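Engineer: Supplied structure: data32.pdb, PDB, C-alpha atoms and all ligand atoms.
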ATOM      1  CA  MET A   1      -0.429  -4.910 -22.291
ATOM      2  CA  ARG A   2       2.494  -2.574 -21.511
ATOM      3  CA  PRO A   3       4.327  -3.990 -18.477
ATOM      4  CA  TRP A   4       5.023  -1.568 -15.682
ATOM      5  CA  PHE A   5       8.446  -1.372 -14.189
ATOM      6  CA  PRO A   6      10.290   1.585 -12.641
ATOM      7  CA  GLU A   7      13.336   1.379 -14.876
ATOM      8  CA  THR A   8      14.647   4.746 -13.761
ATOM      9  CA  LEU A   9      15.073   3.404 -10.240
ATOM     10  CA  VAL A  10      17.316   0.567 -11.293
ATOM     11  CA  GLN A  11      20.998   1.083 -11.925
ATOM     12  CA  PRO A  12      21.708   0.291 -15.561
ATOM     13  CA  VAL A  13      23.449  -3.057 -15.798
ATOM     14  CA  ARG A  14      25.119  -4.042 -19.063
ATOM     15  CA  LYS A  15      23.063  -6.623 -20.786
ATOM     16  CA  GLN A  16      24.525  -9.663 -22.499
ATOM     17  CA  PRO A  17      23.329  -9.927 -26.106
ATOM     18  CA  GLY A  18      20.278 -12.157 -26.145
ATOM     19  CA  SER A  19      19.793 -12.049 -22.361
ATOM     20  CA  PRO A  20      16.512 -10.934 -20.802
ATOM     21  CA  ASN A  21      16.063  -7.231 -20.070
ATOM     22  CA  SER A  22      18.481  -6.622 -17.217
ATOM     23  CA  HIS A  23      16.176  -3.959 -15.752
ATOM     24  CA  SER A  24      13.419  -6.466 -15.159
ATOM     25  CA  PRO A  25      12.738  -7.484 -11.521
ATOM     26  CA  GLU A  26      12.909 -11.061 -12.788
ATOM     27  CA  THR A  27      16.649 -10.758 -13.448
ATOM     28  CA  GLU A  28      19.434 -11.101 -10.908
ATOM     29  CA  ALA A  29      20.257  -7.390 -11.320
ATOM     30  CA  GLY A  30      16.647  -6.369 -10.762
ATOM     31  CA  ARG A  31      16.411  -8.550  -7.683
ATOM     32  CA  ARG A  32      19.544  -7.117  -6.128
ATOM     33  CA  ILE A  33      18.585  -3.503  -6.642
ATOM     34  CA  MET A  34      14.843  -3.314  -5.921
ATOM     35  CA  LYS A  35      13.867  -2.238  -2.431
ATOM     36  CA  THR A  36      10.290  -3.032  -1.497
ATOM     37  CA  ARG A  37       8.506   0.076  -0.265
ATOM     38  CA  VAL A  38       6.624  -0.222   3.025
ATOM     39  CA  LYS A  39       3.409   1.542   3.958
ATOM     40  CA  ILE A  40       2.152   1.332   7.526
ATOM     41  CA  CYS A  41      -1.542   2.066   7.771
ATOM     42  CA  GLY A  42      -4.023   3.038  10.446
ATOM     43  CA  LEU A  43      -1.857   5.140  12.740
ATOM     44  CA  THR A  44      -3.640   7.269  15.303
ATOM     45  CA  ARG A  45      -0.827   8.538  17.555
ATOM     46  CA  VAL A  46       2.075  10.916  17.000
ATOM     47  CA  SER A  47       4.427   8.548  18.856
ATOM     48  CA  ASP A  48       3.558   5.736  16.418
ATOM     49  CA  ILE A  49       4.201   7.979  13.426
ATOM     50  CA  LYS A  50       7.619   8.911  14.818
ATOM     51  CA  ALA A  51       8.446   5.248  15.437
ATOM     52  CA  ALA A  52       7.264   4.146  11.972
ATOM     53  CA  VAL A  53       9.326   6.873  10.293
ATOM     54  CA  ALA A  54      12.390   6.052  12.427
ATOM     55  CA  SER A  55      12.022   2.373  11.449
ATOM     56  CA  GLY A  56      12.123   3.309   7.761
ATOM     57  CA  ALA A  57       8.472   3.418   6.630
ATOM     58  CA  ASP A  58       8.078   4.969   3.184
ATOM     59  CA  ALA A  59       4.426   5.847   3.663
ATOM     60  CA  ILE A  60       2.009   6.414   6.523
ATOM     61  CA  GLY A  61      -1.709   5.766   6.084
ATOM     62  CA  LEU A  62      -4.476   7.624   7.905
ATOM     63  CA  VAL A  63      -7.934   6.052   7.844
ATOM     64  CA  PHE A  64     -10.847   8.394   7.011
ATOM     65  CA  TYR A  65     -13.510   5.695   7.293
ATOM     66  CA  GLU A  66     -15.547   6.029  10.444
ATOM     67  CA  PRO A  67     -16.537   2.381  11.033
ATOM     68  CA  SER A  68     -12.846   1.458  11.285
ATOM     69  CA  PRO A  69     -11.405   1.267  14.802
ATOM     70  CA  ARG A  70      -8.386   3.081  13.290
ATOM     71  CA  ALA A  71     -10.370   6.044  11.958
ATOM     72  CA  VAL A  72      -9.117   9.560  12.651
ATOM     73  CA  THR A  73     -11.009  12.842  12.522
ATOM     74  CA  ILE A  74      -9.772  15.706  10.363
ATOM     75  CA  GLU A  75      -8.685  17.487  13.553
ATOM     76  CA  GLN A  76      -6.584  14.486  14.655
ATOM     77  CA  ALA A  77      -5.179  14.118  11.148
ATOM     78  CA  GLU A  78      -4.053  17.768  11.152
ATOM     79  CA  VAL A  79      -1.899  17.066  14.198
ATOM     80  CA  LEU A  80      -0.566  13.737  12.895
ATOM     81  CA  ALA A  81       0.282  15.208   9.468
ATOM     82  CA  ARG A  82       2.662  17.732  11.037
ATOM     83  CA  HIS A  83       4.934  14.859  12.034
ATOM     84  CA  ILE A  84       5.438  13.443   8.548
ATOM     85  CA  PRO A  85       8.886  14.487   7.326
ATOM     86  CA  ALA A  86       9.957  15.241   3.775
ATOM     87  CA  PHE A  87      10.254  12.162   1.546
ATOM     88  CA  VAL A  88       7.757  10.117   3.544
ATOM     89  CA  SER A  89       4.340   9.978   1.870
ATOM     90  CA  LEU A  90       1.097  10.645   3.661
ATOM     91  CA  VAL A  91      -1.767   8.498   2.366
ATOM     92  CA  GLY A  92      -5.469   9.032   3.093
ATOM     93  CA  LEU A  93      -7.597   5.877   3.094
ATOM     94  CA  PHE A  94     -11.279   6.135   2.120
ATOM     95  CA  VAL A  95     -14.038   3.564   1.643
ATOM     96  CA  ASN A  96     -16.862   4.584  -0.712
ATOM     97  CA  PRO A  97     -16.659   8.182   0.510
ATOM     98  CA  PRO A  98     -18.993  10.959  -0.517
ATOM     99  CA  GLU A  99     -17.079  13.271  -2.864
ATOM    100  CA  ALA A 100     -17.469  16.099  -0.334
ATOM    101  CA  GLN A 101     -15.685  14.102   2.373
ATOM    102  CA  VAL A 102     -12.585  13.650   0.223
ATOM    103  CA  ARG A 103     -12.632  17.345  -0.711
ATOM    104  CA  ASP A 104     -12.984  18.424   2.941
ATOM    105  CA  VAL A 105     -10.023  16.252   3.938
ATOM    106  CA  LEU A 106      -7.920  17.512   1.034
ATOM    107  CA  LYS A 107      -8.595  21.143   2.005
ATOM    108  CA  ARG A 108      -7.014  20.603   5.418
ATOM    109  CA  ILE A 109      -4.626  17.650   5.230
ATOM    110  CA  PRO A 110      -1.590  17.601   2.909
ATOM    111  CA  LEU A 111      -2.177  14.114   1.532
ATOM    112  CA  ASP A 112       0.305  12.887  -1.071
ATOM    113  CA  LEU A 113      -1.882  10.024  -2.174
ATOM    114  CA  LEU A 114      -5.509   8.871  -1.918
ATOM    115  CA  GLN A 115      -6.217   5.185  -1.255
ATOM    116  CA  PHE A 116      -9.697   4.028  -2.292
ATOM    117  CA  HIS A 117     -10.545   0.759  -0.555
ATOM    118  CA  GLY A 118     -14.212   0.308  -1.503
ATOM    119  CA  ASP A 119     -16.125  -0.058  -4.756
ATOM    120  CA  GLU A 120     -15.216   3.347  -6.205
ATOM    121  CA  SER A 121     -15.158   3.699  -9.984
ATOM    122  CA  ALA A 122     -12.030   4.877 -11.795
ATOM    123  CA  GLY A 123     -13.849   8.092 -12.706
ATOM    124  CA  PHE A 124     -14.613   8.795  -9.057
ATOM    125  CA  CYS A 125     -11.017   8.155  -7.964
ATOM    126  CA  ALA A 126      -9.518  10.320 -10.695
ATOM    127  CA  GLN A 127     -11.536  13.502 -10.053
ATOM    128  CA  PHE A 128      -9.528  14.980  -7.159
ATOM    129  CA  GLU A 129      -6.366  16.109  -8.961
ATOM    130  CA  ARG A 130      -4.357  14.033  -6.514
ATOM    131  CA  ARG A 131      -2.500  10.797  -7.174
ATOM    132  CA  TRP A 132      -4.453   7.747  -6.056
ATOM    133  CA  ILE A 133      -4.240   4.000  -5.614
ATOM    134  CA  LYS A 134      -7.113   1.535  -5.809
ATOM    135  CA  ALA A 135      -7.592  -1.519  -3.620
ATOM    136  CA  VAL A 136      -8.990  -4.748  -5.021
ATOM    137  CA  ARG A 137     -10.350  -7.263  -2.541
ATOM    138  CA  VAL A 138      -9.368 -10.482  -4.193
ATOM    139  CA  GLN A 139     -11.926 -13.263  -4.408
ATOM    140  CA  GLN A 140     -11.333 -14.986  -7.719
ATOM    141  CA  ALA A 141      -8.991 -15.435 -10.671
ATOM    142  CA  GLY A 142      -9.030 -12.710 -13.303
ATOM    143  CA  GLN A 143     -10.105  -9.937 -10.930
ATOM    144  CA  ILE A 144      -6.663  -8.362 -10.668
ATOM    145  CA  GLU A 145      -6.090  -8.404 -14.443
ATOM    146  CA  LYS A 146      -9.433  -6.611 -14.906
ATOM    147  CA  ALA A 147      -8.553  -4.029 -12.256
ATOM    148  CA  PHE A 148      -5.225  -3.266 -13.989
ATOM    149  CA  SER A 149      -7.261  -2.338 -17.029
ATOM    150  CA  ASP A 150     -10.186  -0.549 -15.277
ATOM    151  CA  TYR A 151      -7.918   1.553 -13.041
ATOM    152  CA  TYR A 152      -5.074   2.178 -15.484
ATOM    153  CA  LEU A 153      -4.859   5.836 -14.393
ATOM    154  CA  ALA A 154      -3.991   4.840 -10.813
ATOM    155  CA  SER A 155      -0.510   5.240  -9.345
ATOM    156  CA  GLY A 156      -0.696   1.685  -8.042
ATOM    157  CA  LEU A 157      -3.021  -1.264  -7.539
ATOM    158  CA  LEU A 158      -3.328  -2.607  -4.000
ATOM    159  CA  VAL A 159      -4.400  -6.220  -3.565
ATOM    160  CA  ASP A 160      -6.021  -7.233  -0.297
ATOM    161  CA  ALA A 161      -8.085 -10.118   1.067
ATOM    162  CA  TRP A 162     -11.836 -10.238   0.461
ATOM    163  CA  ASP A 163     -14.141 -10.390   3.452
ATOM    164  CA  PRO A 164     -17.952 -10.642   3.308
ATOM    165  CA  VAL A 165     -18.448  -7.933   5.911
ATOM    166  CA  ARG A 166     -15.373  -5.716   6.216
ATOM    167  CA  PHE A 167     -13.677  -3.686   3.486
ATOM    168  CA  GLY A 168     -10.137  -4.139   4.776
ATOM    169  CA  GLY A 169      -7.873  -4.119   7.781
ATOM    170  CA  THR A 170      -9.084  -7.652   8.453
ATOM    171  CA  GLY A 171      -5.711  -9.253   9.180
ATOM    172  CA  GLN A 172      -6.526 -11.948   6.626
ATOM    173  CA  SER A 173      -4.329 -12.937   3.728
ATOM    174  CA  PHE A 174      -5.425 -14.433   0.408
ATOM    175  CA  ASN A 175      -4.129 -16.832  -2.215
ATOM    176  CA  TRP A 176      -1.071 -15.069  -3.676
ATOM    177  CA  ASP A 177      -1.175 -17.452  -6.663
ATOM    178  CA  LEU A 178      -4.049 -15.293  -7.960
ATOM    179  CA  ILE A 179      -1.615 -12.396  -8.506
ATOM    180  CA  PRO A 180      -0.475 -12.281 -12.118
ATOM    181  CA  PRO A 181       3.255 -11.956 -12.843
ATOM    182  CA  GLU A 182       2.541  -9.408 -15.628
ATOM    183  CA  ARG A 183       1.742  -6.001 -14.147
ATOM    184  CA  THR A 184       0.863  -2.739 -15.819
ATOM    185  CA  LEU A 185       0.851  -0.739 -12.574
ATOM    186  CA  PRO A 186       2.969  -0.883  -9.413
ATOM    187  CA  LEU A 187       1.498  -3.683  -7.287
ATOM    188  CA  ILE A 188       1.011  -3.139  -3.564
ATOM    189  CA  LEU A 189       0.520  -6.315  -1.546
ATOM    190  CA  ALA A 190      -1.663  -6.144   1.583
ATOM    191  CA  GLY A 191      -3.773  -8.452   3.711
ATOM    192  CA  GLY A 192      -2.674 -10.273   6.823
ATOM    193  CA  LEU A 193       0.980  -9.370   6.513
ATOM    194  CA  SER A 194       3.272  -9.428   9.544
ATOM    195  CA  SER A 195       6.966  -9.920  10.246
ATOM    196  CA  ASP A 196       6.263 -13.691  10.166
ATOM    197  CA  ASN A 197       5.183 -13.811   6.526
ATOM    198  CA  VAL A 198       6.362 -10.626   4.792
ATOM    199  CA  PHE A 199       9.706 -12.139   3.763
ATOM    200  CA  ASP A 200       7.942 -15.051   2.014
ATOM    201  CA  ALA A 201       5.357 -12.678   0.552
ATOM    202  CA  VAL A 202       7.954 -10.370  -1.001
ATOM    203  CA  LYS A 203      10.024 -13.303  -2.236
ATOM    204  CA  LYS A 204       7.057 -14.938  -3.929
ATOM    205  CA  VAL A 205       5.032 -11.974  -5.190
ATOM    206  CA  ARG A 206       7.792  -9.397  -5.853
ATOM    207  CA  PRO A 207       5.465  -6.464  -5.179
ATOM    208  CA  TRP A 208       6.437  -2.824  -5.631
ATOM    209  CA  ALA A 209       5.340  -2.219  -2.030
ATOM    210  CA  VAL A 210       3.701  -3.879   0.956
ATOM    211  CA  ASP A 211       1.005  -2.379   3.178
ATOM    212  CA  VAL A 212       0.304  -3.495   6.736
ATOM    213  CA  SER A 213      -2.054  -2.526   9.499
ATOM    214  CA  GLY A 214      -3.107  -5.244  11.965
ATOM    215  CA  GLY A 215       0.170  -7.186  11.777
ATOM    216  CA  VAL A 216       2.124  -4.389  13.475
ATOM    217  CA  GLU A 217      -0.395  -3.502  16.188
ATOM    218  CA  LYS A 218      -0.642  -3.970  19.959
ATOM    219  CA  SER A 219      -4.363  -3.320  19.741
ATOM    220  CA  LYS A 220      -6.597  -1.702  17.084
ATOM    221  CA  GLY A 221      -5.109   1.663  16.099
ATOM    222  CA  ILE A 222      -2.192   1.337  18.522
ATOM    223  CA  LYS A 223       1.013   0.300  16.814
ATOM    224  CA  ASP A 224       3.806  -1.795  18.330
ATOM    225  CA  ILE A 225       7.243  -0.225  17.802
ATOM    226  CA  GLU A 226       9.091  -3.566  17.765
ATOM    227  CA  LYS A 227       6.636  -5.115  15.318
ATOM    228  CA  MET A 228       6.916  -2.182  12.906
ATOM    229  CA  SER A 229      10.696  -2.259  12.997
ATOM    230  CA  GLU A 230      10.827  -6.058  12.552
ATOM    231  CA  PHE A 231       8.309  -5.902   9.707
ATOM    232  CA  ILE A 232      10.357  -3.356   7.754
ATOM    233  CA  LYS A 233      13.575  -5.315   8.322
ATOM    234  CA  GLU A 234      11.939  -8.500   7.048
ATOM    235  CA  ALA A 235      10.429  -6.755   4.006
ATOM    236  CA  HIS A 236      13.883  -5.436   3.076
ATOM    237  CA  ARG A 237      15.710  -8.704   3.791
ATOM    238  CA  VAL A 238      14.615 -10.273   0.520
TER     239      VAL A 238
HETATM  240  O1  LIG B   1      -7.197  -0.400   8.486
HETATM  241  C1  LIG B   1      -8.435  -0.402   8.430
HETATM  242  O2  LIG B   1      -9.120  -0.350   9.451
HETATM  243  C2  LIG B   1      -9.121  -0.479   7.108
HETATM  244  C3  LIG B   1     -10.482  -0.288   7.068
HETATM  245  C4  LIG B   1     -11.170  -0.356   5.867
HETATM  246  C5  LIG B   1     -10.494  -0.612   4.693
HETATM  247  C6  LIG B   1      -9.112  -0.820   4.712
HETATM  248  C7  LIG B   1      -8.419  -0.757   5.910
HETATM  249  N1  LIG B   1      -7.042  -0.976   5.967
HETATM  250  C8  LIG B   1      -6.290  -1.514   4.888
HETATM  251  O3  LIG B   1      -6.515  -2.917   4.785
HETATM  252  C9  LIG B   1      -5.356  -3.565   4.276
HETATM  253  C10 LIG B   1      -5.005  -4.800   5.068
HETATM  254  O4  LIG B   1      -4.874  -4.573   6.420
HETATM  255  P1  LIG B   1      -4.268  -5.715   7.414
HETATM  256  O5  LIG B   1      -2.774  -5.583   7.361
HETATM  257  O6  LIG B   1      -4.749  -7.037   6.944
HETATM  258  O7  LIG B   1      -4.782  -5.355   8.776
HETATM  259  C11 LIG B   1      -4.267  -2.517   4.235
HETATM  260  O8  LIG B   1      -4.155  -2.102   2.885
HETATM  261  C12 LIG B   1      -4.787  -1.362   5.039
HETATM  262  O9  LIG B   1      -4.369  -0.139   4.454
END
Could I get this structure in the form of structure tokens?
Structural biologist:
Amino acid sequence: MRPWFPETLVQPVRKQPGSPNSHSPETEAGRRIMKTRVKICGLTRVSDIKAAVASGADAIGLVFYEPSPRAVTIEQAEVLARHIPAFVSLVGLFVNPPEAQVRDVLKRIPLDLLQFHGDESAGFCAQFERRWIKAVRVQQAGQIEKAFSDYYLASGLLVDAWDPVRFGGTGQSFNWDLIPPERTLPLILAGGLSSDNVFDAVKKVRPWAVDVSGGVEKSKGIKDIEKMSEFIKEAHRV
């Protein structure tokens, strides 16, 4: 298994002969230099997008899954997308979508990344000529290792809590001990994160990025400016 690590993003640090790779996140140098990326998901208002960007969000997620209380229409998304500045990524979240739905959204919304949060196959995810990440709803040991292999063409693997009814956005966390330390793709940690636990989560899991929805809301689909700002501060404090 070829471990994934963004070596180009880490300042080269001279390595002592015989010491571990100084570019690894497990080393002191890696720890000092890595900044955990933050995605805020499920925004429905321009004012929330502006606040998330001003707080330092690296990515904004729009939900194209109708049963979600955070879902937006293509028309709403067109307006929201105009407020995403350069160097902030716009992510479109789908759950088991018909192929035509993804294509319709892509025709009108300048998405940087597709997030597939259902039971989509790797072949399905890879057909849109757009970078994509795959969510795994973690229930048992070994599932994440298998997903690293099944979805090796993804730009990242998102790990979220499993729920018998809902596909995500549940506000529930899961057992982080099930996350393997060896990773072949950038790992995005999600599920029940908030400013209360994101520091511990980043410290323990050392993810490439964190993704939050419910933990920074006032009510479903309505974000709380203070909570977003506090969340990003805490994620970067590690
Ligand atoms: O946000 C939603 O409504 C949603 C609906 C269906 C699938 C995924 C959804 N959101 C994603 O779920 C995780 C965890 O969210 P939370 O922080 O626990 O509320 C996150 O990756 C969202 O992008």
Engineer: Report as an MDAnalysis selection string the full result of the PyMOL selection byres (((not hetatm)) within 9 of (chain B and resi 1)) when it is applied to this structure.
Structural biologist: chainID A and resid 39:43 61:71 93:95 115:118 135 158:161 166:173 188:194 210:217 220:221
Engineer: Have a look at A:Pro97, A:Pro180, A:Pro186, A:Pro207 and name the one nearest to Glu145 (chain A); count all atoms listed in the file.
Structural biologist: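 Of all the options, A:Pro180 lies closest to Glu145 (chain A).
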Engineer: Nearest to Ala235 (chain A): which of A:Ala100, A:Ala57, A:Ile222, A:Ala122 is it, counting all atoms listed in the file?
Structural biologist: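 Among A:Ala100, A:Ala57, A:Ile222, A:Ala122, it is A:Ala57 that comes nearest to Ala235 (chain A).
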Engineer: Using the chain letters and residue numbers of this document, give as a list in words the residues selected by the PyMOL selection byres (((chain A and resi 46) around 12) and not hetatm).
Structural biologist: Gly42, Leu43, Thr44, Arg45, Ser47, Asp48, Ile49, Lys50, Ala51, Ala52, Val53, Ile60, Leu62, Gln76, Ala77, Glu78, Val79, Leu80, Ala81, Arg82, His83, Ile84, Gly221, Ile222 and Lys223 of chain A
Engineer: What's the separation between CA of Leu187 (chain A) and CA of Lys218 (chain A), in Å to one decimal place?
Structural biologist: 27.3 Å
Engineer: May I ask for the distance between CA of Ile133 (chain A) and CA of Leu185 (chain A), given in Å to one decimal place?
Structural biologist: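 Straight-line distance from CA of Ile133 (chain A) to CA of Leu185 (chain A) works out to 9.8 Å.
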